[in-house]
file run.tsv (TSV, C-alpha atoms)
chain	number	residue	atom	x	y	z
Q	1	MET	CA	-79.96	83.24	46.61
Q	2	SER	CA	-80.70	81.48	43.39
Q	3	LEU	CA	-81.51	78.06	42.06
Q	4	ILE	CA	-78.00	77.15	40.95
Q	5	GLY	CA	-77.47	73.43	41.33
Q	6	VAL	CA	-81.19	72.71	41.70
Q	7	ASP	CA	-82.66	70.18	39.28
Q	8	ILE	CA	-85.50	72.41	38.11
Q	9	ARG	CA	-88.51	70.71	36.54
Q	10	PRO	CA	-88.97	71.45	32.82
Q	11	ALA	CA	-92.54	72.63	33.50
Q	12	PHE	CA	-91.17	75.54	35.56
Q	13	VAL	CA	-88.91	76.62	32.69
Q	14	ASN	CA	-91.68	76.16	30.12
Q	15	LEU	CA	-94.09	78.20	32.20
Q	16	PHE	CA	-91.87	81.29	32.13
Q	17	THR	CA	-90.39	80.87	28.64
Q	18	THR	CA	-93.07	79.23	26.45
Q	19	GLU	CA	-96.29	80.15	28.27
Q	20	ILE	CA	-95.38	83.58	29.69
Q	21	GLY	CA	-93.01	84.26	26.80
Q	22	LEU	CA	-89.83	85.53	28.50
Q	23	HIS	CA	-86.58	85.19	26.59
Q	24	ASP	CA	-83.58	83.47	28.18
Q	25	GLY	CA	-82.04	86.62	29.68
Q	26	GLU	CA	-85.37	87.59	31.25
Q	27	PHE	CA	-85.94	84.09	32.61
Q	28	ALA	CA	-82.49	84.25	34.21
Q	29	GLN	CA	-83.55	87.45	36.01
Q	30	VAL	CA	-86.73	85.74	37.22
Q	31	GLN	CA	-84.89	82.65	38.38
Q	32	GLU	CA	-82.53	84.81	40.46
Q	33	LYS	CA	-85.46	85.91	42.61
Q	34	PHE	CA	-86.31	82.34	43.65
Q	35	HIS	CA	-84.59	80.30	46.28
Q	36	VAL	CA	-84.85	76.65	47.13
Q	37	LYS	CA	-86.42	75.43	50.39
Q	38	ARG	CA	-86.17	71.77	51.36
Q	39	ILE	CA	-88.52	70.43	54.00
Q	40	PRO	CA	-88.27	66.86	55.31
Q	41	ARG	CA	-91.44	64.76	55.57
Q	42	HIS	CA	-93.72	65.99	58.40
Q	43	GLY	CA	-91.88	69.32	58.48
Q	44	PHE	CA	-93.81	72.56	57.97
Q	45	HIS	CA	-93.75	75.11	55.21
Q	46	LEU	CA	-96.33	77.22	57.04
Q	47	ARG	CA	-98.37	77.16	60.23
Q	48	ALA	CA	-101.73	78.79	60.97
Q	49	GLY	CA	-101.16	82.25	62.48
Q	50	GLU	CA	-98.08	82.89	60.35
Q	51	VAL	CA	-98.03	85.23	57.37
Q	52	CYS	CA	-97.55	83.42	54.07
Q	53	VAL	CA	-94.54	85.41	52.86
Q	54	HIS	CA	-93.70	83.17	49.90
Q	55	THR	CA	-95.44	81.63	46.98
Q	56	ALA	CA	-93.75	78.33	46.27
Q	57	TYR	CA	-93.53	76.06	43.26
Q	58	VAL	CA	-93.46	72.36	44.15
Q	59	ASN	CA	-90.34	71.07	42.43
Q	60	LYS	CA	-90.35	67.72	44.19
Q	61	GLY	CA	-92.53	65.90	46.71
Q	62	CYS	CA	-95.99	66.45	48.02
Q	63	SER	CA	-97.66	68.65	50.63
Q	64	ARG	CA	-100.91	68.66	52.50
Q	65	SER	CA	-102.72	71.85	53.50
Q	66	TYR	CA	-105.09	71.64	56.43
Q	67	THR	CA	-106.86	73.57	59.14
Q	68	ILE	CA	-107.31	72.54	62.78
Q	69	ASP	CA	-110.72	73.19	64.31
Q	70	PRO	CA	-111.23	74.35	67.94
Q	71	LYS	CA	-111.60	70.70	69.04
Q	72	GLY	CA	-108.16	69.93	67.61
Q	73	LYS	CA	-109.36	67.95	64.59
Q	74	GLU	CA	-107.44	68.32	61.33
Q	75	HIS	CA	-109.28	68.96	58.05
Q	76	VAL	CA	-107.27	68.35	54.90
Q	77	LEU	CA	-108.14	70.94	52.24
Q	78	PHE	CA	-105.63	70.27	49.45
Q	79	PHE	CA	-102.72	68.15	48.44
Q	80	GLY	CA	-99.94	69.84	46.46
Q	81	PHE	CA	-97.92	67.77	44.01
Q	82	GLU	CA	-95.18	68.66	41.54
Q	83	ASP	CA	-95.87	71.80	39.44
Q	84	TRP	CA	-98.43	73.05	41.98
Q	85	TRP	CA	-98.05	76.57	43.42
Q	86	LEU	CA	-98.21	76.35	47.16
Q	87	GLY	CA	-99.26	78.82	49.84
Q	88	ASP	CA	-102.08	80.09	52.00
Q	89	TYR	CA	-103.66	82.16	49.25
Q	90	GLU	CA	-105.58	84.61	51.44
Q	91	SER	CA	-102.58	85.18	53.71
Q	92	PHE	CA	-100.32	85.63	50.68
Q	93	VAL	CA	-102.47	88.26	48.99
Q	94	THR	CA	-103.34	90.13	52.19
Q	95	GLN	CA	-99.98	89.54	53.94
Q	96	ARG	CA	-101.94	88.87	57.12
Q	97	PRO	CA	-101.73	85.75	59.36
Q	98	GLY	CA	-103.33	82.73	57.72
Q	99	LYS	CA	-105.47	79.77	58.78
Q	100	GLN	CA	-103.71	76.93	57.04
Q	101	PHE	CA	-100.96	74.52	58.02
Q	102	ILE	CA	-98.86	73.38	55.07
Q	103	GLU	CA	-96.89	70.26	55.88
Q	104	ALA	CA	-94.61	68.03	53.85
Q	105	ALA	CA	-96.43	64.75	53.17
Q	106	GLU	CA	-93.23	63.64	51.42
Q	107	ASP	CA	-89.81	65.29	51.47
Q	108	LEU	CA	-90.51	68.62	49.75
Q	109	GLU	CA	-88.37	70.75	47.48
Q	110	LEU	CA	-89.92	74.16	46.91
Q	111	LEU	CA	-88.85	77.04	44.68
Q	112	CYS	CA	-89.85	80.08	46.73
Q	113	ILE	CA	-90.27	83.75	45.97
Q	114	THR	CA	-91.40	86.46	48.39
Q	115	HIS	CA	-94.66	88.34	47.92
Q	116	GLN	CA	-92.75	91.59	47.41
Q	117	GLU	CA	-90.39	90.18	44.80
Q	118	PHE	CA	-93.23	88.47	43.02
Q	119	GLU	CA	-95.15	91.77	42.82
Q	120	GLU	CA	-92.02	93.47	41.48
Q	121	LEU	CA	-91.65	90.79	38.80
Q	122	GLY	CA	-95.27	91.39	37.81
Q	123	ARG	CA	-94.52	95.07	37.33
Q	124	ARG	CA	-91.23	94.53	35.49
Q	125	PHE	CA	-92.68	91.81	33.23
Q	126	PRO	CA	-96.37	92.59	32.58
Q	127	SER	CA	-96.82	89.13	31.05
Q	128	ILE	CA	-96.06	87.62	34.49
Q	129	GLY	CA	-98.69	89.87	36.06
Q	130	GLU	CA	-101.13	88.82	33.35
Q	131	TRP	CA	-100.37	85.12	33.93
Q	132	HIS	CA	-100.85	85.59	37.67
Q	133	ARG	CA	-104.25	87.23	37.18
Q	134	GLU	CA	-105.34	84.37	34.92
Q	135	LYS	CA	-104.07	81.93	37.52
Q	136	GLN	CA	-106.15	83.67	40.19
Q	137	THR	CA	-109.22	83.39	37.98
Q	138	LYS	CA	-108.58	79.69	37.40
Q	139	MET	CA	-108.03	79.16	41.10
Q	140	ALA	CA	-111.34	80.85	41.94
Q	141	CYS	CA	-113.04	78.52	39.42
Q	142	ALA	CA	-111.27	75.51	40.92
Q	143	MET	CA	-112.44	76.53	44.41
Q	144	ILE	CA	-116.06	76.76	43.24
Q	145	ASP	CA	-115.70	73.36	41.55
Q	146	ARG	CA	-114.26	71.91	44.75
Q	147	LEU	CA	-117.17	73.35	46.75
Q	148	ILE	CA	-119.65	71.85	44.26
Q	149	GLU	CA	-117.86	68.51	44.50
Q	150	VAL	CA	-117.79	68.51	48.31
Q	151	LYS	CA	-121.48	69.38	48.46
Q	152	SER	CA	-122.94	67.28	45.68
Q	153	CYS	CA	-120.75	64.20	45.16
Q	154	SER	CA	-120.71	61.12	47.37
Q	155	ALA	CA	-117.46	60.14	49.08
Q	156	GLU	CA	-117.15	57.26	46.62
Q	157	GLU	CA	-117.53	59.56	43.61
Q	158	ARG	CA	-114.91	61.90	45.06
Q	159	LEU	CA	-112.54	58.98	45.67
Q	160	VAL	CA	-112.91	57.84	42.05
Q	161	ALA	CA	-112.24	61.40	40.81
Q	162	LEU	CA	-109.21	61.75	43.08
Q	163	VAL	CA	-107.68	58.45	41.95
Q	164	GLN	CA	-108.34	59.24	38.28
Q	165	HIS	CA	-106.59	62.58	38.75
Q	166	ARG	CA	-103.83	61.15	40.96
Q	167	PRO	CA	-103.36	57.40	40.44
Q	168	ASP	CA	-100.35	57.45	42.79
Q	169	ILE	CA	-102.15	59.15	45.70
Q	170	PHE	CA	-102.27	56.06	47.96
Q	171	GLN	CA	-98.55	55.47	47.41
Q	172	ARG	CA	-97.68	59.04	48.37
Q	173	VAL	CA	-100.13	60.19	51.03
Q	174	ALA	CA	-101.23	58.56	54.30
Q	175	LEU	CA	-104.65	56.90	54.18
Q	176	GLN	CA	-105.89	58.99	57.11
Q	177	ASP	CA	-105.09	62.19	55.21
Q	178	ILE	CA	-106.94	61.01	52.12
Q	179	ALA	CA	-109.85	60.11	54.43
Q	180	SER	CA	-109.80	63.63	55.90
Q	181	TYR	CA	-109.68	65.14	52.40
Q	182	LEU	CA	-112.72	63.04	51.43
Q	183	ASP	CA	-114.48	63.59	54.78
Q	184	ILE	CA	-114.89	59.95	55.64
Q	185	ALA	CA	-113.55	57.73	58.42
Q	186	PRO	CA	-110.31	55.87	57.59
Q	187	PRO	CA	-111.89	52.37	57.96
Q	188	SER	CA	-114.65	53.38	55.53
Q	189	LEU	CA	-112.02	54.58	53.08
Q	190	SER	CA	-110.18	51.24	53.31
Q	191	ARG	CA	-113.36	49.34	52.47
Q	192	MET	CA	-114.35	51.80	49.77
Q	193	ARG	CA	-110.89	51.66	48.23
Q	194	ARG	CA	-111.04	47.87	47.97
Q	195	ARG	CA	-114.51	48.02	46.46
Q	196	VAL	CA	-113.81	50.86	44.04
Q	197	LEU	CA	-110.36	49.93	42.90
Q	198	HIS	CA	-110.90	46.12	42.92
Q	199	THR	CA	-107.52	45.80	44.58
Q	200	LYS	CA	-106.01	42.41	43.87
Q	201	ARG	CA	-103.07	41.20	45.87
Q	202	ASP	CA	-100.90	38.22	45.20
Q	203	PRO	CA	-101.24	35.53	47.86
R	204	MET	CA	-131.07	100.32	27.43
R	205	SER	CA	-130.26	102.13	30.62
R	206	LEU	CA	-131.35	102.32	34.21
R	207	ILE	CA	-133.61	105.37	33.81
R	208	GLY	CA	-136.51	105.12	36.24
R	209	VAL	CA	-134.86	102.37	38.30
R	210	ASP	CA	-134.49	103.05	42.02
R	211	ILE	CA	-130.78	102.28	42.17
R	212	ARG	CA	-129.31	101.41	45.54
R	213	PRO	CA	-126.87	103.99	46.94
R	214	ALA	CA	-124.22	101.26	47.35
R	215	PHE	CA	-124.13	100.83	43.56
R	216	VAL	CA	-123.51	104.54	43.05
R	217	ASN	CA	-120.93	104.67	45.85
R	218	LEU	CA	-119.08	101.70	44.42
R	219	PHE	CA	-118.43	103.44	41.12
R	220	THR	CA	-118.02	106.99	42.39
R	221	THR	CA	-116.44	106.80	45.87
R	222	GLU	CA	-114.70	103.42	45.78
R	223	ILE	CA	-113.68	103.19	42.12
R	224	GLY	CA	-113.38	106.98	41.87
R	225	LEU	CA	-115.29	107.83	38.66
R	226	HIS	CA	-116.64	111.36	38.33
R	227	ASP	CA	-120.30	111.95	37.53
R	228	GLY	CA	-119.90	112.03	33.75
R	229	GLU	CA	-117.94	108.80	33.79
R	230	PHE	CA	-120.46	107.12	36.06
R	231	ALA	CA	-123.20	108.15	33.61
R	232	GLN	CA	-121.30	106.35	30.83
R	233	VAL	CA	-121.01	103.25	33.01
R	234	GLN	CA	-124.66	103.31	33.97
R	235	GLU	CA	-125.65	103.43	30.29
R	236	LYS	CA	-124.13	100.00	29.79
R	237	PHE	CA	-126.38	98.39	32.40
R	238	HIS	CA	-129.95	97.32	31.92
R	239	VAL	CA	-132.54	96.20	34.42
R	240	LYS	CA	-133.84	92.62	34.53
R	241	ARG	CA	-136.80	91.75	36.74
R	242	ILE	CA	-137.42	88.11	37.61
R	243	PRO	CA	-140.46	86.99	39.60
R	244	ARG	CA	-139.99	84.58	42.51
R	245	HIS	CA	-139.07	81.07	41.27
R	246	GLY	CA	-138.08	82.47	37.87
R	247	PHE	CA	-134.60	81.86	36.52
R	248	HIS	CA	-131.73	84.22	35.85
R	249	LEU	CA	-129.61	81.34	34.56
R	250	ARG	CA	-129.84	77.59	34.04
R	251	ALA	CA	-127.06	74.99	33.97
R	252	GLY	CA	-125.87	74.50	30.39
R	253	GLU	CA	-126.38	78.16	29.50
R	254	VAL	CA	-123.55	80.64	29.09
R	255	CYS	CA	-123.51	83.31	31.79
R	256	VAL	CA	-123.52	86.33	29.48
R	257	HIS	CA	-124.14	88.94	32.18
R	258	THR	CA	-122.76	89.90	35.51
R	259	ALA	CA	-125.60	91.25	37.58
R	260	TYR	CA	-125.84	93.51	40.61
R	261	VAL	CA	-128.66	92.57	42.97
R	262	ASN	CA	-130.64	95.79	43.33
R	263	LYS	CA	-133.61	94.17	45.06
R	264	GLY	CA	-134.58	90.71	46.25
R	265	CYS	CA	-132.69	87.52	46.79
R	266	SER	CA	-131.43	84.65	44.67
R	267	ARG	CA	-130.27	81.11	45.26
R	268	SER	CA	-127.55	79.46	43.19
R	269	TYR	CA	-127.55	75.69	43.05
R	270	THR	CA	-126.44	72.64	41.11
R	271	ILE	CA	-128.48	69.51	40.40
R	272	ASP	CA	-126.66	66.19	40.73
R	273	PRO	CA	-127.23	63.20	38.38
R	274	LYS	CA	-129.85	61.84	40.80
R	275	GLY	CA	-131.82	65.07	40.51
R	276	LYS	CA	-131.01	66.42	43.95
R	277	GLU	CA	-130.46	70.16	44.33
R	278	HIS	CA	-127.42	71.52	46.21
R	279	VAL	CA	-127.64	75.16	47.24
R	280	LEU	CA	-124.23	76.83	46.92
R	281	PHE	CA	-124.94	80.50	47.60
R	282	PHE	CA	-127.65	82.99	48.36
R	283	GLY	CA	-127.38	86.40	46.74
R	284	PHE	CA	-128.83	89.41	48.54
R	285	GLU	CA	-128.82	93.13	47.79
R	286	ASP	CA	-125.42	94.53	46.69
R	287	TRP	CA	-124.18	91.06	45.73
R	288	TRP	CA	-122.79	90.51	42.22
R	289	LEU	CA	-124.53	87.53	40.69
R	290	GLY	CA	-123.52	85.04	38.04
R	291	ASP	CA	-121.95	81.68	37.35
R	292	TYR	CA	-118.40	82.91	37.77
R	293	GLU	CA	-116.62	80.21	35.75
R	294	SER	CA	-119.12	80.47	32.91
R	295	PHE	CA	-118.85	84.27	32.95
R	296	VAL	CA	-115.05	84.39	32.72
R	297	THR	CA	-114.76	81.53	30.19
R	298	GLN	CA	-118.00	82.33	28.31
R	299	ARG	CA	-118.68	78.60	28.19
R	300	PRO	CA	-121.83	76.79	29.42
R	301	GLY	CA	-122.07	76.75	33.22
R	302	LYS	CA	-123.12	74.33	35.94
R	303	GLN	CA	-125.26	76.56	38.12
R	304	PHE	CA	-128.94	77.39	38.25
R	305	ILE	CA	-129.64	80.89	39.54
R	306	GLU	CA	-133.24	81.28	40.64
R	307	ALA	CA	-135.16	84.12	42.25
R	308	ALA	CA	-135.83	83.18	45.88
R	309	GLU	CA	-137.73	86.48	46.10
R	310	ASP	CA	-138.79	88.80	43.27
R	311	LEU	CA	-135.44	89.91	41.86
R	312	GLU	CA	-134.34	93.19	40.33
R	313	LEU	CA	-130.93	92.90	38.70
R	314	LEU	CA	-128.71	95.53	37.08
R	315	CYS	CA	-127.08	93.58	34.27
R	316	ILE	CA	-124.10	94.17	32.04
R	317	THR	CA	-122.74	91.83	29.37
R	318	HIS	CA	-119.32	90.23	29.63
R	319	GLN	CA	-118.16	92.12	26.54
R	320	GLU	CA	-119.33	95.51	27.76
R	321	PHE	CA	-117.88	94.88	31.17
R	322	GLU	CA	-114.49	94.06	29.63
R	323	GLU	CA	-114.71	97.23	27.56
R	324	LEU	CA	-115.44	99.30	30.66
R	325	GLY	CA	-112.39	97.74	32.33
R	326	ARG	CA	-110.25	98.90	29.41
R	327	ARG	CA	-111.79	102.36	29.20
R	328	PHE	CA	-111.62	102.93	32.97
R	329	PRO	CA	-108.57	101.12	34.36
R	330	SER	CA	-109.83	101.69	37.91
R	331	ILE	CA	-112.83	99.46	37.10
R	332	GLY	CA	-110.47	96.74	35.84
R	333	GLU	CA	-108.42	97.14	39.01
R	334	TRP	CA	-111.54	96.88	41.20
R	335	HIS	CA	-112.64	93.77	39.33
R	336	ARG	CA	-109.28	92.10	39.84
R	337	GLU	CA	-109.43	92.86	43.56
R	338	LYS	CA	-112.96	91.52	43.63
R	339	GLN	CA	-111.78	88.30	42.01
R	340	THR	CA	-109.07	87.96	44.64
R	341	LYS	CA	-111.60	88.53	47.43
R	342	MET	CA	-113.95	86.01	45.83
R	343	ALA	CA	-111.22	83.39	45.67
R	344	CYS	CA	-110.53	84.00	49.38
R	345	ALA	CA	-114.25	83.75	50.16
R	346	MET	CA	-114.45	80.44	48.28
R	347	ILE	CA	-111.55	79.00	50.29
R	348	ASP	CA	-113.20	80.23	53.51
R	349	ARG	CA	-116.46	78.61	52.46
R	350	LEU	CA	-114.65	75.34	51.75
R	351	ILE	CA	-112.96	75.49	55.17
R	352	GLU	CA	-116.33	76.20	56.78
R	353	VAL	CA	-118.09	73.35	54.97
R	354	LYS	CA	-115.33	70.92	55.91
R	355	SER	CA	-114.53	71.95	59.45
R	356	CYS	CA	-117.62	73.47	61.06
R	357	SER	CA	-120.64	71.58	62.32
R	358	ALA	CA	-124.04	72.29	60.79
R	359	GLU	CA	-124.98	74.13	63.99
R	360	GLU	CA	-121.91	76.36	63.84
R	361	ARG	CA	-122.66	77.14	60.19
R	362	LEU	CA	-126.27	77.96	61.05
R	363	VAL	CA	-125.13	80.38	63.77
R	364	ALA	CA	-122.68	82.04	61.35
R	365	LEU	CA	-125.36	82.31	58.65
R	366	VAL	CA	-127.91	83.88	60.99
R	367	GLN	CA	-125.33	86.30	62.40
R	368	HIS	CA	-124.46	87.36	58.86
R	369	ARG	CA	-128.08	87.34	57.65
R	370	PRO	CA	-130.54	87.73	60.54
R	371	ASP	CA	-133.42	87.90	58.03
R	372	ILE	CA	-132.55	84.67	56.21
R	373	PHE	CA	-135.52	82.64	57.55
R	374	GLN	CA	-137.91	85.41	56.58
R	375	ARG	CA	-136.59	85.54	53.02
R	376	VAL	CA	-135.55	82.04	52.01
R	377	ALA	CA	-137.42	78.71	52.22
R	378	LEU	CA	-136.33	76.45	55.08
R	379	GLN	CA	-135.54	73.60	52.68
R	380	ASP	CA	-133.10	75.82	50.77
R	381	ILE	CA	-131.33	76.86	53.96
R	382	ALA	CA	-131.18	73.16	54.87
R	383	SER	CA	-129.60	72.38	51.49
R	384	TYR	CA	-127.11	75.23	51.94
R	385	LEU	CA	-126.15	73.82	55.35
R	386	ASP	CA	-126.23	70.19	54.14
R	387	ILE	CA	-128.71	68.98	56.70
R	388	ALA	CA	-132.22	67.54	56.49
R	389	PRO	CA	-135.05	70.10	56.83
R	390	PRO	CA	-136.51	68.51	60.01
R	391	SER	CA	-133.05	68.66	61.64
R	392	LEU	CA	-132.80	72.31	60.68
R	393	SER	CA	-136.17	73.04	62.28
R	394	ARG	CA	-135.06	71.47	65.56
R	395	MET	CA	-131.64	73.09	65.38
R	396	ARG	CA	-133.16	76.46	64.67
R	397	ARG	CA	-135.39	76.26	67.75
R	398	ARG	CA	-132.47	75.17	69.89
R	399	VAL	CA	-129.96	77.69	68.54
R	400	LEU	CA	-132.18	80.71	68.25
R	401	HIS	CA	-134.25	80.02	71.41
R	402	THR	CA	-137.34	80.91	69.41
R	403	LYS	CA	-140.03	82.19	71.71
R	404	ARG	CA	-143.53	82.57	70.44
R	405	ASP	CA	-146.38	84.31	72.14
R	406	PRO	CA	-149.09	81.88	73.17

call {"tool": "encode", "arguments": {"input": "run.tsv", "output": "structure tokens"}}
result
Amino acid sequence: MSLIGVDIRPAFVNLFTTEIGLHDGEFAQVQEKFHVKRIPRHGFHLRAGEVCVHTAYVNKGCSRSYTIDPKGKEHVLFFGFEDWWLGDYESFVTQRPGKQFIEAAEDLELLCITHQEFEELGRRFPSIGEWHREKQTKMACAMIDRLIEVKSCSAEERLVALVQHRPDIFQRVALQDIASYLDIAPPSLSRMRRRVLHTKRDP
Amino acid sequence: MSLIGVDIRPAFVNLFTTEIGLHDGEFAQVQEKFHVKRIPRHGFHLRAGEVCVHTAYVNKGCSRSYTIDPKGKEHVLFFGFEDWWLGDYESFVTQRPGKQFIEAAEDLELLCITHQEFEELGRRFPSIGEWHREKQTKMACAMIDRLIEVKSCSAEERLVALVQHRPDIFQRVALQDIASYLDIAPPSLSRMRRRVLHTKRDP
């Protein structure tokens, strides 16, 4: 399998050529290890209890990662937009069953590579291994930042930060999922959104 | 500086000899790079805005790591007990000013090593570098688990998990700090603690 015919985002190419520093022939070898996976809206990339076999680059669309508690309530942890690497991290690194559901919030196009092939790439191209280690470090920092944000910022502050980071979030993701991400009730989010964003509609 | 005269915990020795696999002479070289830092209760190992220059092994005592929001409210992120590695992770890896305060919740005895010397050890002894990378991976997983817990478990469930993991927590850490860690008001924690732990006192 390869990515022939897929409209690959420039950021994916730049990552491996400019940032990681592979030349064209090497990048071609890397690309060969990926395959495309298309998931329609509300379809699943992964379910809790499954092993996260692939790491996946979001080439198009948007995902939501969530857990379901024993009472059946969903808790949205992350949204994944274009250029995001998607997966249940713990399940991917341990190759044991994970806790997260990863669902397409919009039609998704993912560029996938298996854990085994990714490890092999890291050995064949040490600069890929190096990039992946740096990415892990950044992810650990991002997780701590997210924890700090969840604990110390009000829902309104977190909404403002989310919209600054993702101005198109309300156009792409259901309000109830944004509410779950922010840990507030959907009606509160509607009111807060109007207040915060000063939404003006034409009559 | 070295650790001569310090009553080093066996777990520290085992980590470097059994787990990482250094022989005695190598471990002696590692030990030489550490120095002891003693901080009395309520003293600081680190303050927000400072660069986390050291990673520190908790040899004795207990710490609390927290942030302070713009309104001046503290938010306890972690407690660090014996055998825990302590620091503001993001500040340590970037060597830029951090966000966390790390305070002694009990008299603390830390075995400290600078970022630079730790990096050098990782180069000199690849197995230390390998261990550190695995530790980073585990930490990233632990951060995701903590985020899932904060989002999806009730305060009571988190209290039960904390006490199962740390039966001595109420003997070692102030109730208000446990309340901040669990994101509940101290009076609620008192009631919850009585209910959950079925505290029985002699008349």

call {"tool": "interface_residues", "arguments": {"input": "run.tsv", "of": "chain Q", "to": "chain R", "cutoff": "6 Å", "atoms": "only C-alpha atoms", "output": "PyMOL selection string"}}
result
chain Q and resi 90+140-141+143+147

call {"tool": "residues_around", "arguments": {"input": "run.tsv", "residues": "segment 81-83 of chain Q", "least_positions_apart": "3", "cutoff": "7 Å", "atoms": "all atoms listed in the file", "output": "list in words"}}
result
Ala11, Tyr57, Val58, Asn59, Lys60, Gly61, Cys62 and Ser63 of chain Q

call {"tool": "closest_residue", "arguments": {"input": "run.tsv", "among": "R:Arg299, R:Arg326, R:Arg241, R:Lys338", "to": "Leu218 of chain R", "atoms": "all atoms listed in the file"}}
result
R:Lys338

call {"tool": "atom_distance", "arguments": {"input": "run.tsv", "atom1": "atom CA of Thr317 of chain R", "atom2": "atom CA of Asp380 of chain R"}}
result
28.7 Å

call {"tool": "residues_around", "arguments": {"input": "run.tsv", "residues": "Phe219 of chain R", "least_positions_apart": "5", "cutoff": "10 Å", "atoms": "all atoms listed in the file", "output": "JSON list (two decimals) with C-alpha atoms, in the coordinates of the input"}}
result
[["chain", "number", "residue", "atom", "x", "y", "z"],
["R", 214, "ALA", "CA", -124.22, 101.26, 47.35],
["R", 224, "GLY", "CA", -113.38, 106.98, 41.87],
["R", 225, "LEU", "CA", -115.29, 107.83, 38.66],
["R", 226, "HIS", "CA", -116.64, 111.36, 38.33],
["R", 227, "ASP", "CA", -120.30, 111.95, 37.53],
["R", 229, "GLU", "CA", -117.94, 108.80, 33.79],
["R", 230, "PHE", "CA", -120.46, 107.12, 36.06],
["R", 233, "VAL", "CA", -121.01, 103.25, 33.01],
["R", 234, "GLN", "CA", -124.66, 103.31, 33.97],
["R", 330, "SER", "CA", -109.83, 101.69, 37.91],
["R", 331, "ILE", "CA", -112.83, 99.46, 37.10],
["R", 334, "TRP", "CA", -111.54, 96.88, 41.20]]

call {"tool": "closest_residue", "arguments": {"input": "run.tsv", "among": "Q:Gln116, Q:Arg158, Q:Ala104, Q:Glu130", "to": "Ile178 of chain Q", "atoms": "all atoms listed in the file"}}
result
Q:Arg158

call {"tool": "closest_residue", "arguments": {"input": "run.tsv", "among": "Q:His35, Q:Arg172, Q:His198, Q:His54", "to": "Phe118 of chain Q", "atoms": "all atoms listed in the file"}}
result
Q:His54

call {"tool": "atom_distance", "arguments": {"input": "run.tsv", "atom1": "atom CA of Val216 of chain R", "atom2": "atom CA of Glu235 of chain R"}}
result
13.0 Å

call {"tool": "closest_residue", "arguments": {"input": "run.tsv", "among": "R:Glu320, R:Gly325, R:Glu312, R:Cys255", "to": "Gln298 of chain R", "atoms": "all atoms listed in the file"}}
result
R:Cys255

call {"tool": "closest_residue", "arguments": {"input": "run.tsv", "among": "Q:Phe170, Q:Trp84, Q:Phe125, Q:Phe44", "to": "Asp107 of chain Q", "atoms": "only C-alpha atoms"}}
result
Q:Phe44

call {"tool": "atom_distance", "arguments": {"input": "run.tsv", "atom1": "atom CA of Lys71 of chain Q", "atom2": "atom CA of Glu103 of chain Q"}}
result
19.7 Å
